[in-house]
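A.B. asks: I'm passing along my_file-v8.txt; it holds compact mmCIF, C-alpha atoms and all ligand atoms.
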# COMPACT_ATOMS: atom_id res chain seq x y z
CA MET A 1 0.00 0.00 0.00
CA ARG A 2 1.14 3.55 -0.76
CA LEU A 3 -0.28 5.66 2.00
CA VAL A 4 0.07 9.27 3.21
CA LEU A 5 -0.83 10.46 6.73
CA VAL A 6 -1.89 14.08 6.94
CA GLY A 7 -3.04 16.17 9.91
CA PRO A 8 -1.99 19.09 12.08
CA PRO A 9 1.11 18.98 14.27
CA GLY A 10 0.32 16.75 17.24
CA ALA A 11 -2.57 14.94 15.53
CA GLY A 12 -0.74 11.69 16.27
CA LYS A 13 0.74 11.05 12.83
CA GLY A 14 4.05 9.73 14.18
CA THR A 15 2.31 7.69 16.90
CA GLN A 16 -0.13 6.06 14.46
CA ALA A 17 2.49 5.75 11.69
CA GLN A 18 4.63 3.41 13.81
CA PHE A 19 1.68 1.02 14.43
CA ILE A 20 -0.02 1.23 11.00
CA ALA A 21 3.27 0.73 9.11
CA SER A 22 4.04 -2.26 11.29
CA HIS A 23 0.55 -3.80 10.74
CA LEU A 24 0.91 -3.31 6.96
CA SER A 25 4.61 -4.39 6.85
CA ILE A 26 5.62 -1.26 4.96
CA PRO A 27 8.36 1.27 5.84
CA LYS A 28 7.37 4.44 7.68
CA ILE A 29 9.02 7.44 6.05
CA SER A 30 8.83 10.49 8.30
CA THR A 31 10.35 13.68 6.90
CA GLY A 32 10.42 15.23 10.40
CA ASP A 33 12.40 12.23 11.74
CA ILE A 34 14.84 12.33 8.81
CA PHE A 35 15.41 16.07 9.30
CA ARG A 36 15.86 15.67 13.09
CA TYR A 37 18.37 12.84 12.55
CA ASN A 38 20.35 15.05 10.16
CA VAL A 39 20.25 17.99 12.59
CA SER A 40 21.49 15.83 15.48
CA THR A 41 24.32 14.34 13.40
CA GLY A 42 25.29 17.75 11.98
CA THR A 43 25.04 16.89 8.26
CA GLU A 44 24.76 19.57 5.56
CA LEU A 45 21.07 18.67 5.14
CA GLY A 46 20.58 19.15 8.89
CA GLN A 47 22.27 22.55 8.78
CA GLN A 48 20.00 23.61 5.90
CA ALA A 49 16.86 22.48 7.78
CA LYS A 50 17.55 23.53 11.39
CA ALA A 51 16.59 27.23 11.36
CA TYR A 52 13.29 26.51 9.56
CA MET A 53 12.40 23.72 11.98
CA ASP A 54 13.24 25.79 15.07
CA ARG A 55 10.87 28.53 13.85
CA GLY A 56 8.17 26.00 12.93
CA ASP A 57 8.36 26.91 9.23
CA LEU A 58 8.49 24.44 6.36
CA VAL A 59 11.94 23.52 5.06
CA PRO A 60 12.21 24.73 1.41
CA ASP A 61 10.69 22.36 -1.17
CA GLU A 62 13.91 21.86 -3.15
CA VAL A 63 15.63 20.44 -0.03
CA THR A 64 12.65 18.32 1.09
CA ILE A 65 11.70 16.90 -2.31
CA GLY A 66 15.26 15.75 -3.11
CA MET A 67 15.49 14.02 0.24
CA VAL A 68 12.13 12.22 -0.13
CA THR A 69 12.83 11.17 -3.72
CA ALA A 70 16.11 9.55 -2.65
CA ARG A 71 14.33 7.73 0.20
CA LEU A 72 11.51 6.46 -2.05
CA LEU A 73 14.10 4.97 -4.41
CA GLU A 74 15.49 2.70 -1.68
CA PRO A 75 14.62 -1.00 -2.10
CA ASP A 76 12.37 -1.30 0.96
CA ALA A 77 9.98 1.36 -0.42
CA GLN A 78 9.37 -0.36 -3.77
CA ALA A 79 6.41 -2.48 -2.65
CA GLY A 80 4.74 0.26 -0.61
CA PHE A 81 5.31 2.93 2.03
CA LEU A 82 3.67 5.14 4.62
CA LEU A 83 4.61 8.82 4.30
CA ASP A 84 4.34 10.81 7.55
CA GLY A 85 4.80 14.59 7.10
CA PHE A 86 5.11 14.62 3.30
CA PRO A 87 3.62 16.13 1.20
CA ARG A 88 3.10 19.26 3.23
CA ASN A 89 1.85 21.65 0.52
CA VAL A 90 0.29 21.43 -2.95
CA PRO A 91 3.59 21.81 -4.89
CA GLN A 92 5.06 18.82 -2.95
CA ALA A 93 1.88 16.82 -3.67
CA GLU A 94 2.15 17.59 -7.38
CA VAL A 95 5.77 16.47 -7.47
CA LEU A 96 4.89 13.25 -5.64
CA ARG A 97 2.05 12.52 -8.05
CA LYS A 98 4.37 13.04 -11.06
CA LEU A 99 7.14 10.95 -9.51
CA LEU A 100 4.81 8.02 -8.84
CA ALA A 101 3.27 8.30 -12.33
CA ASP A 102 6.79 8.11 -13.82
CA TRP A 103 7.21 4.87 -11.86
CA ASP A 104 3.80 3.60 -13.16
CA THR A 105 2.14 3.80 -9.79
CA ARG A 106 0.08 6.13 -7.60
CA LEU A 107 -1.04 6.75 -4.02
CA ASP A 108 -3.74 4.38 -2.78
CA VAL A 109 -5.06 6.51 0.06
CA VAL A 110 -4.48 9.67 2.12
CA LEU A 111 -5.55 9.29 5.73
CA GLU A 112 -6.42 12.59 7.45
CA LEU A 113 -6.17 12.53 11.26
CA VAL A 114 -8.75 14.98 12.60
CA VAL A 115 -8.25 16.69 16.03
CA ASP A 116 -8.87 20.23 17.30
CA ASP A 117 -6.21 22.86 18.17
CA ASP A 118 -6.60 22.68 21.98
CA GLU A 119 -6.00 18.93 21.92
CA VAL A 120 -2.93 19.51 19.73
CA VAL A 121 -1.41 21.91 22.28
CA ARG A 122 -2.16 19.47 25.15
CA ARG A 123 -0.52 16.62 23.24
CA LEU A 124 2.58 18.49 22.06
CA SER A 125 3.39 20.19 25.35
CA GLY A 126 3.71 16.75 27.03
CA ARG A 127 5.41 14.87 24.20
CA ARG A 128 8.67 13.04 24.82
CA THR A 129 10.62 11.13 22.15
CA CYS A 130 13.22 8.39 22.57
CA ARG A 131 16.66 9.52 21.39
CA GLN A 132 17.58 5.91 20.58
CA CYS A 133 14.58 4.21 18.90
CA GLY A 134 12.31 7.20 18.14
CA ARG A 135 9.29 5.82 20.08
CA ILE A 136 6.88 8.62 21.01
CA TRP A 137 5.57 9.03 24.59
CA HIS A 138 3.46 11.56 26.50
CA VAL A 139 4.00 12.51 30.13
CA LEU A 140 0.25 12.20 30.91
CA PHE A 141 -1.45 10.30 28.07
CA GLU A 142 1.19 7.64 27.40
CA PRO A 143 3.79 7.82 30.17
CA PRO A 144 6.81 5.51 30.27
CA SER A 145 7.16 3.41 33.46
CA LYS A 146 10.27 5.38 34.51
CA ALA A 147 10.41 9.13 33.86
CA ASP A 148 12.55 10.07 30.85
CA ILE A 149 13.49 6.44 30.01
CA CYS A 150 12.04 4.55 27.02
CA ASP A 151 10.29 1.29 28.07
CA ASP A 152 11.10 -0.28 24.69
CA CYS A 153 14.87 0.22 24.51
CA GLY A 154 16.05 2.00 27.69
CA GLY A 155 17.00 5.10 25.65
CA GLU A 156 16.84 8.65 26.99
CA LEU A 157 13.64 10.64 26.28
CA PHE A 158 13.87 14.26 25.13
CA GLN A 159 11.51 17.16 24.46
CA ARG A 160 11.60 18.59 20.91
CA ASP A 161 12.83 22.19 20.50
CA ASP A 162 9.75 23.07 18.40
CA ASP A 163 7.30 21.93 21.13
CA ARG A 164 7.23 25.31 22.95
CA GLU A 165 3.73 26.81 23.05
CA GLN A 166 4.54 29.83 20.82
CA THR A 167 6.18 27.62 18.16
CA ILE A 168 3.27 25.17 18.35
CA ARG A 169 0.82 28.03 17.59
CA HIS A 170 2.97 29.09 14.62
CA ARG A 171 3.12 25.49 13.31
CA LEU A 172 -0.69 25.40 13.48
CA ASP A 173 -0.86 28.59 11.37
CA VAL A 174 1.58 27.11 8.86
CA TYR A 175 -0.57 23.97 8.73
CA ALA A 176 -3.75 25.98 8.09
CA GLU A 177 -2.14 28.07 5.34
CA GLN A 178 0.05 25.58 3.53
CA THR A 179 -1.00 22.01 4.38
CA GLN A 180 -4.78 22.25 4.79
CA PRO A 181 -5.26 22.85 0.99
CA LEU A 182 -4.06 19.26 0.51
CA ILE A 183 -7.35 18.05 1.96
CA ALA A 184 -9.29 19.46 -1.04
CA PHE A 185 -6.50 18.36 -3.42
CA TYR A 186 -6.79 14.70 -2.36
CA ALA A 187 -10.60 14.84 -1.93
CA ASP A 188 -10.74 15.84 -5.63
CA ASP A 189 -8.61 12.79 -6.43
CA GLY A 190 -11.13 10.62 -4.52
CA ILE A 191 -8.47 9.13 -2.23
CA LEU A 192 -9.02 11.15 0.98
CA LEU A 193 -10.18 9.27 4.08
CA GLY A 194 -10.97 11.32 7.22
CA LEU A 195 -10.45 9.68 10.62
CA ASP A 196 -11.50 10.92 14.07
CA ALA A 197 -8.11 10.92 15.84
CA THR A 198 -9.41 11.50 19.39
CA GLY A 199 -9.58 8.80 22.05
CA PRO A 200 -7.09 6.15 23.14
CA VAL A 201 -4.15 5.46 20.79
CA GLU A 202 -5.03 1.75 20.32
CA GLU A 203 -8.64 2.57 19.41
CA ILE A 204 -7.49 5.04 16.76
CA THR A 205 -5.13 2.43 15.28
CA GLU A 206 -7.99 -0.09 15.22
CA ARG A 207 -10.30 2.46 13.54
CA ALA A 208 -7.59 3.26 10.99
CA MET A 209 -6.96 -0.41 10.16
CA ILE A 210 -10.69 -1.02 9.63
CA ALA A 211 -10.93 2.07 7.38
CA LEU A 212 -7.84 1.03 5.40
CA ARG A 213 -8.95 -2.57 4.89
CA ARG A 214 -10.54 -1.92 1.51
CA PHE A 215 -7.31 -0.39 0.15
CA ILE A 216 -5.10 -3.39 0.98
CA ARG A 217 -4.05 -5.17 -2.20
P1 LIG B 1 7.13 16.82 11.85
O1 LIG B 1 8.02 16.02 12.70
O2 LIG B 1 6.44 16.16 10.70
O3 LIG B 1 6.11 17.56 12.80
P2 LIG B 1 4.53 17.82 12.71
O4 LIG B 1 3.82 17.58 11.44
O5 LIG B 1 4.41 19.18 13.28
O6 LIG B 1 3.94 16.70 13.51
P3 LIG B 1 4.41 16.26 14.89
O7 LIG B 1 5.55 15.30 14.77
O8 LIG B 1 4.64 17.44 15.80
O9 LIG B 1 3.09 15.57 15.44
P4 LIG B 1 2.46 14.17 15.12
O10 LIG B 1 1.17 14.37 14.39
O11 LIG B 1 3.45 13.23 14.52
O12 LIG B 1 2.07 13.74 16.60
P5 LIG B 1 2.72 12.62 17.57
O13 LIG B 1 2.35 11.26 17.08
O14 LIG B 1 4.15 12.90 17.82
O15 LIG B 1 7.90 18.08 11.24
C1 LIG B 1 8.75 18.88 12.04
C2 LIG B 1 9.34 19.99 11.17
O16 LIG B 1 10.14 19.42 10.09
C3 LIG B 1 8.33 20.90 10.45
O17 LIG B 1 7.88 21.95 11.29
C4 LIG B 1 9.17 21.40 9.27
O18 LIG B 1 10.06 22.43 9.66
C5 LIG B 1 10.00 20.17 8.89
N1 LIG B 1 9.33 19.33 7.86
C6 LIG B 1 8.89 18.05 8.02
N2 LIG B 1 8.34 17.62 6.88
C7 LIG B 1 8.41 18.63 5.98
C8 LIG B 1 7.99 18.79 4.64
N3 LIG B 1 7.35 17.81 3.97
N4 LIG B 1 8.22 19.98 4.02
C9 LIG B 1 8.88 20.97 4.66
N5 LIG B 1 9.29 20.89 5.94
C10 LIG B 1 9.05 19.73 6.61
O19 LIG B 1 1.85 12.89 18.89
C11 LIG B 1 2.03 14.08 19.64
C12 LIG B 1 1.91 13.75 21.15
O20 LIG B 1 0.56 13.35 21.42
C13 LIG B 1 2.80 12.59 21.63
O21 LIG B 1 3.30 12.88 22.91
C14 LIG B 1 1.85 11.38 21.70
O22 LIG B 1 2.23 10.45 22.71
C15 LIG B 1 0.52 12.07 22.03
N6 LIG B 1 -0.61 11.35 21.46
C16 LIG B 1 -0.70 10.77 20.23
N7 LIG B 1 -1.91 10.22 20.06
C17 LIG B 1 -2.62 10.48 21.20
C18 LIG B 1 -3.94 10.17 21.63
N8 LIG B 1 -4.78 9.48 20.86
N9 LIG B 1 -4.32 10.62 22.85
C19 LIG B 1 -3.48 11.31 23.66
N10 LIG B 1 -2.21 11.61 23.30
C20 LIG B 1 -1.78 11.21 22.10
Translate the structure of the given file into structure tokens.
C.D. replies:
Amino acid sequence: MRLVLVGPPGAGKGTQAQFIASHLSIPKISTGDIFRYNVSTGTELGQQAKAYMDRGDLVPDEVTIGMVTARLLEPDAQAGFLLDGFPRNVPQAEVLRKLLADWDTRLDVVLELVVDDDEVVRRLSGRRTCRQCGRIWHVLFEPPSKADICDDCGGELFQRDDDREQTIRHRLDVYAEQTQPLIAFYADDGILLGLDATGPVEEITERAMIALRRFIR
């Protein structure tokens, strides 16, 4: 399956991506994770992306599109993939459509995770991420057994630099202006599937898997 997850910051894209990709046995490709890895290892790509990410702005398309194209060409993405955080605006969606058409394929479905802004702020202000395995936690909603330690791998948990309240509000504005138009873009294509992303994490995964069932080939 070739699947895109779309939704505002904090909608739970990364959380659901890890479970849905695992259920479908496809790689999860998260542009945010790839950028953060490059920032933490100090690569040229990371240096190009850092200032944009810290402000909560989108990294320029020419940087992002090149990075995603290279990732989609890797062998594990040939039979399907889950994209988390890409495309993020209509120009990126148009490039992706063209790229897949050149490879004689197309997206099967775009899953929109629907939550309101207050819930987003609650979720992001308590988010913690494992430095080692990338697992996402929340201090109240999904706490690890020991504070700041990942239950899965024992890695150290950290708070993202862009999870300060002012930056969160700016990311929500950027989402409304630049990413929200994708909803109409994919609705016109007939491949948009909206999903209520409130409630317990496992219930949302279950709802998503039921909704995606008819796209599995
Ligand atoms: P990115 O990492 O993609 O950030 P985002 O879209 O803002 O999304 P988040 O990762 O903040 O949220 P999420 O929806 O994944 O939520 P999560 O599952 O973590 O991008 C970061 C930056 O990189 C961008 O600002 C930009 O600069 C750059 N970038 C990335 N892609 C780009 C692109 N294509 N073009 C240009 N620039 C790009 O959940 C959040 C919290 O809520 C967690 O603590 C979790 O435990 C908790 N939670 C999840 N589900 C639930 C639930 N059901 N109930 C209660 N709590 C929950």
A.B. asks: Residues near A:Glu202, anyone? I mean within 10 Å using only C-alpha atoms, not counting same-chain ones fewer than 6 positions away, as a PyMOL selection string.
C.D. replies: chain A and resi 16+19+208
A.B. asks: Kindly export the residues of the current selection with C-alpha atoms, as a PDB file, in the frame of the given file.
C.D. replies:
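The resulting file, out.pdb, is reproduced below:
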ATOM      1  CA  GLN A  16      -0.130   6.060  14.460  1.00  0.00           C
ATOM      2  CA  PHE A  19       1.680   1.020  14.430  1.00  0.00           C
ATOM      3  CA  ALA A 208      -7.590   3.260  10.990  1.00  0.00           C
TER       4      ALA A 208
END
A.B. asks: Suppose you want the space between atom CA of A:Leu140 and atom CA of A:Asp57; what is it in Å?
C.D. replies: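 Atom CA of A:Leu140 sits 27.4 Å away from atom CA of A:Asp57.
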A.B. asks: Which residues of chain A have any atom within 7 Å of an atom in ligand LIG 1 (chain B) when counting only C-alpha atoms and all ligand atoms, and what is the closest pair of atoms for each, with the distance in Å to one decimal? Order the rows by chain and rising number and write it as CSV.
C.D. replies:
residue,atom,partner,partner_atom,distance
A:Gly7,CA,B:LIG1,O10,6.4
A:Pro8,CA,B:LIG1,O4,6.0
A:Pro9,CA,B:LIG1,O5,3.5
A:Gly10,CA,B:LIG1,O9,3.5
A:Ala11,CA,B:LIG1,O10,4.0
A:Gly12,CA,B:LIG1,O13,3.2
A:Lys13,CA,B:LIG1,O10,3.7
A:Gly14,CA,B:LIG1,O11,3.6
A:Thr15,CA,B:LIG1,O13,3.6
A:Gln16,CA,B:LIG1,O13,6.3
A:Ser30,CA,B:LIG1,O2,6.6
A:Thr31,CA,B:LIG1,N2,4.4
A:Gly32,CA,B:LIG1,O1,3.4
A:Asp33,CA,B:LIG1,O1,5.9
A:Phe35,CA,B:LIG1,O16,6.3
A:Tyr52,CA,B:LIG1,O18,5.2
A:Met53,CA,B:LIG1,O18,3.5
A:Gly56,CA,B:LIG1,O17,4.4
A:Asp57,CA,B:LIG1,O18,4.8
A:Leu58,CA,B:LIG1,N5,3.7
A:Val59,CA,B:LIG1,N5,3.8
A:Pro60,CA,B:LIG1,C9,6.0
A:Asp61,CA,B:LIG1,N4,6.2
A:Thr64,CA,B:LIG1,N4,5.6
A:Asp84,CA,B:LIG1,O2,6.6
A:Gly85,CA,B:LIG1,O2,4.3
A:Phe86,CA,B:LIG1,N3,4.0
A:Pro87,CA,B:LIG1,N3,4.9
A:Arg88,CA,B:LIG1,N3,4.6
A:Arg123,CA,B:LIG1,O20,3.9
A:Leu124,CA,B:LIG1,C12,4.9
A:Gly126,CA,B:LIG1,O21,5.7
A:Arg127,CA,B:LIG1,O21,3.2
A:Arg128,CA,B:LIG1,O21,5.7
A:Ile136,CA,B:LIG1,O22,5.3
A:Trp137,CA,B:LIG1,O22,4.1
A:His138,CA,B:LIG1,O21,3.8
A:Phe141,CA,B:LIG1,C19,5.0
A:Glu142,CA,B:LIG1,O22,5.6
A:Arg171,CA,B:LIG1,O17,6.3
A:Ala197,CA,B:LIG1,N8,6.2
A:Thr198,CA,B:LIG1,N8,5.3
A:Gly199,CA,B:LIG1,N8,5.0
A:Pro200,CA,B:LIG1,N8,4.7
A:Val201,CA,B:LIG1,N8,4.1
A:Ile204,CA,B:LIG1,N8,6.6
A.B. asks: With 9 Å as the cut-off and all atoms listed in the file counted, what is the closest atom pair between each nearby residue of stretch 64-165 of chain A and stretch 183-188 of chain A? Distances in Å to one decimal, ordered by chain and number, as CSV.
C.D. replies:
residue,atom,partner,partner_atom,distance
A:Val90,CA,A:Phe185,CA,7.5
A:Ala93,CA,A:Phe185,CA,8.5
A:Val109,CA,A:Tyr186,CA,8.7
A:Val110,CA,A:Tyr186,CA,7.1
A:Glu112,CA,A:Ile183,CA,7.8
A.B. asks: Report the centre and edge lengths, in Å to one decimal, of an axis-aligned box enclosing every atom of stretch 36-45 of chain A listed in the file, padded by 4 Å on each side, as JSON.
C.D. replies:
{"center_x": 20.6, "center_y": 16.2, "center_z": 10.3, "size_x": 17.4, "size_y": 14.7, "size_z": 18.3}
A.B. asks: Using only C-alpha atoms, which residue out of A:Ala77, A:Thr179, A:Gly134, A:Ile216 lies closest to A:Gln159?
C.D. replies: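 Going through A:Ala77, A:Thr179, A:Gly134, A:Ile216 one by one, the smallest distance to A:Gln159 is for A:Gly134.
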A.B. asks: Around the point (18.8, 17.2, 4.9) (coordinates from the file), which residues reach within 12 Å if we count all atoms listed in the file? Answer as an MDAnalysis selection string.
C.D. replies: chainID A and resid 31:50 52:53 59:68 70:71
A.B. asks: Nearest to A:Ser125: which of A:Leu212, A:Cys150, A:Ile168, A:Ile191 is it, counting only C-alpha atoms?
C.D. replies: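 The shortest atom-to-atom distance to A:Ser125 comes from A:Ile168.
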A.B. asks: To one decimal place, how far is atom CA of A:Cys153 from atom CA of A:Arg131 in Å?
C.D. replies: 10.0 Å
A.B. asks: Counting all atoms listed in the file, which residue out of A:Val6, A:Leu100, A:Ile149, A:Ile29 sits closest to A:Gln180?
C.D. replies: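 Of the candidates, the smallest distance to A:Gln180 is held by A:Val6.
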A.B. asks: For a test of reading the model, state the distance in Å between atom CA of A:Gly194 and atom CA of A:His170, rounded to one decimal.
C.D. replies: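 Distance reported for this atom pair: 23.8 Å.
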A.B. asks: Since the input lacks some atoms of stretch 1-12 of chain A, please model all heavy atoms and print them as a compact mmCIF listing (two decimals), keeping the file's coordinate frame.
C.D. replies:
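The result, written out as part.txt:
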# COMPACT_ATOMS: atom_id res chain seq x y z
N MET A 1 0.83 -1.20 0.00
CA MET A 1 0.00 0.00 0.00
C MET A 1 0.87 1.26 0.00
O MET A 1 1.91 1.29 0.65
CB MET A 1 -0.90 0.00 1.25
CG MET A 1 -1.83 1.18 1.28
SD MET A 1 -2.83 1.29 2.76
CE MET A 1 -3.84 -0.16 2.63
N ARG A 2 0.44 2.26 -0.76
CA ARG A 2 1.14 3.55 -0.76
C ARG A 2 0.21 4.57 -0.09
O ARG A 2 -0.83 4.93 -0.65
CB ARG A 2 1.49 3.97 -2.20
CG ARG A 2 2.54 3.05 -2.78
CD ARG A 2 2.88 3.33 -4.22
NE ARG A 2 3.93 2.42 -4.66
CZ ARG A 2 3.72 1.15 -5.04
NH1 ARG A 2 2.50 0.67 -5.08
NH2 ARG A 2 4.75 0.38 -5.38
N LEU A 3 0.62 4.93 1.12
CA LEU A 3 -0.28 5.66 2.00
C LEU A 3 0.39 6.93 2.53
O LEU A 3 1.59 6.93 2.82
CB LEU A 3 -0.61 4.70 3.16
CG LEU A 3 -1.11 5.18 4.49
CD1 LEU A 3 -2.53 5.72 4.35
CD2 LEU A 3 -1.13 4.02 5.49
N VAL A 4 -0.41 8.01 2.63
CA VAL A 4 0.07 9.27 3.21
C VAL A 4 -0.77 9.56 4.45
O VAL A 4 -1.99 9.40 4.42
CB VAL A 4 -0.09 10.43 2.19
CG1 VAL A 4 0.03 11.78 2.88
CG2 VAL A 4 0.95 10.33 1.08
N LEU A 5 -0.11 9.99 5.54
CA LEU A 5 -0.83 10.46 6.73
C LEU A 5 -0.75 11.98 6.73
O LEU A 5 0.35 12.53 6.63
CB LEU A 5 -0.18 9.96 8.01
CG LEU A 5 -0.41 8.54 8.47
CD1 LEU A 5 0.06 8.39 9.91
CD2 LEU A 5 -1.87 8.15 8.36
N VAL A 6 -1.89 12.63 6.88
CA VAL A 6 -1.89 14.08 6.94
C VAL A 6 -2.69 14.51 8.17
O VAL A 6 -3.59 13.79 8.61
CB VAL A 6 -2.43 14.67 5.61
CG1 VAL A 6 -3.90 14.44 5.45
CG2 VAL A 6 -2.13 16.14 5.46
N GLY A 7 -2.33 15.67 8.73
CA GLY A 7 -3.04 16.17 9.91
C GLY A 7 -2.18 17.21 10.57
O GLY A 7 -0.98 17.29 10.30
N PRO A 8 -2.76 18.02 11.45
CA PRO A 8 -1.99 19.09 12.08
C PRO A 8 -0.87 18.54 12.97
O PRO A 8 -0.89 17.36 13.32
CB PRO A 8 -3.05 19.82 12.93
CG PRO A 8 -4.15 18.85 13.11
CD PRO A 8 -4.16 17.97 11.92
N PRO A 9 0.08 19.41 13.34
CA PRO A 9 1.11 18.98 14.27
C PRO A 9 0.43 18.43 15.52
O PRO A 9 -0.54 19.02 16.01
CB PRO A 9 1.87 20.27 14.60
CG PRO A 9 1.19 21.39 13.92
CD PRO A 9 0.21 20.82 12.95
N GLY A 10 0.89 17.31 16.01
CA GLY A 10 0.32 16.75 17.24
C GLY A 10 -0.93 15.93 17.03
O GLY A 10 -1.52 15.42 17.98
N ALA A 11 -1.36 15.74 15.78
CA ALA A 11 -2.57 14.94 15.53
C ALA A 11 -2.34 13.48 15.89
O ALA A 11 -3.29 12.72 16.05
CB ALA A 11 -2.98 15.06 14.07
N GLY A 12 -1.05 13.09 15.97
CA GLY A 12 -0.74 11.69 16.27
C GLY A 12 -0.24 10.95 15.05
O GLY A 12 -0.25 9.71 15.02
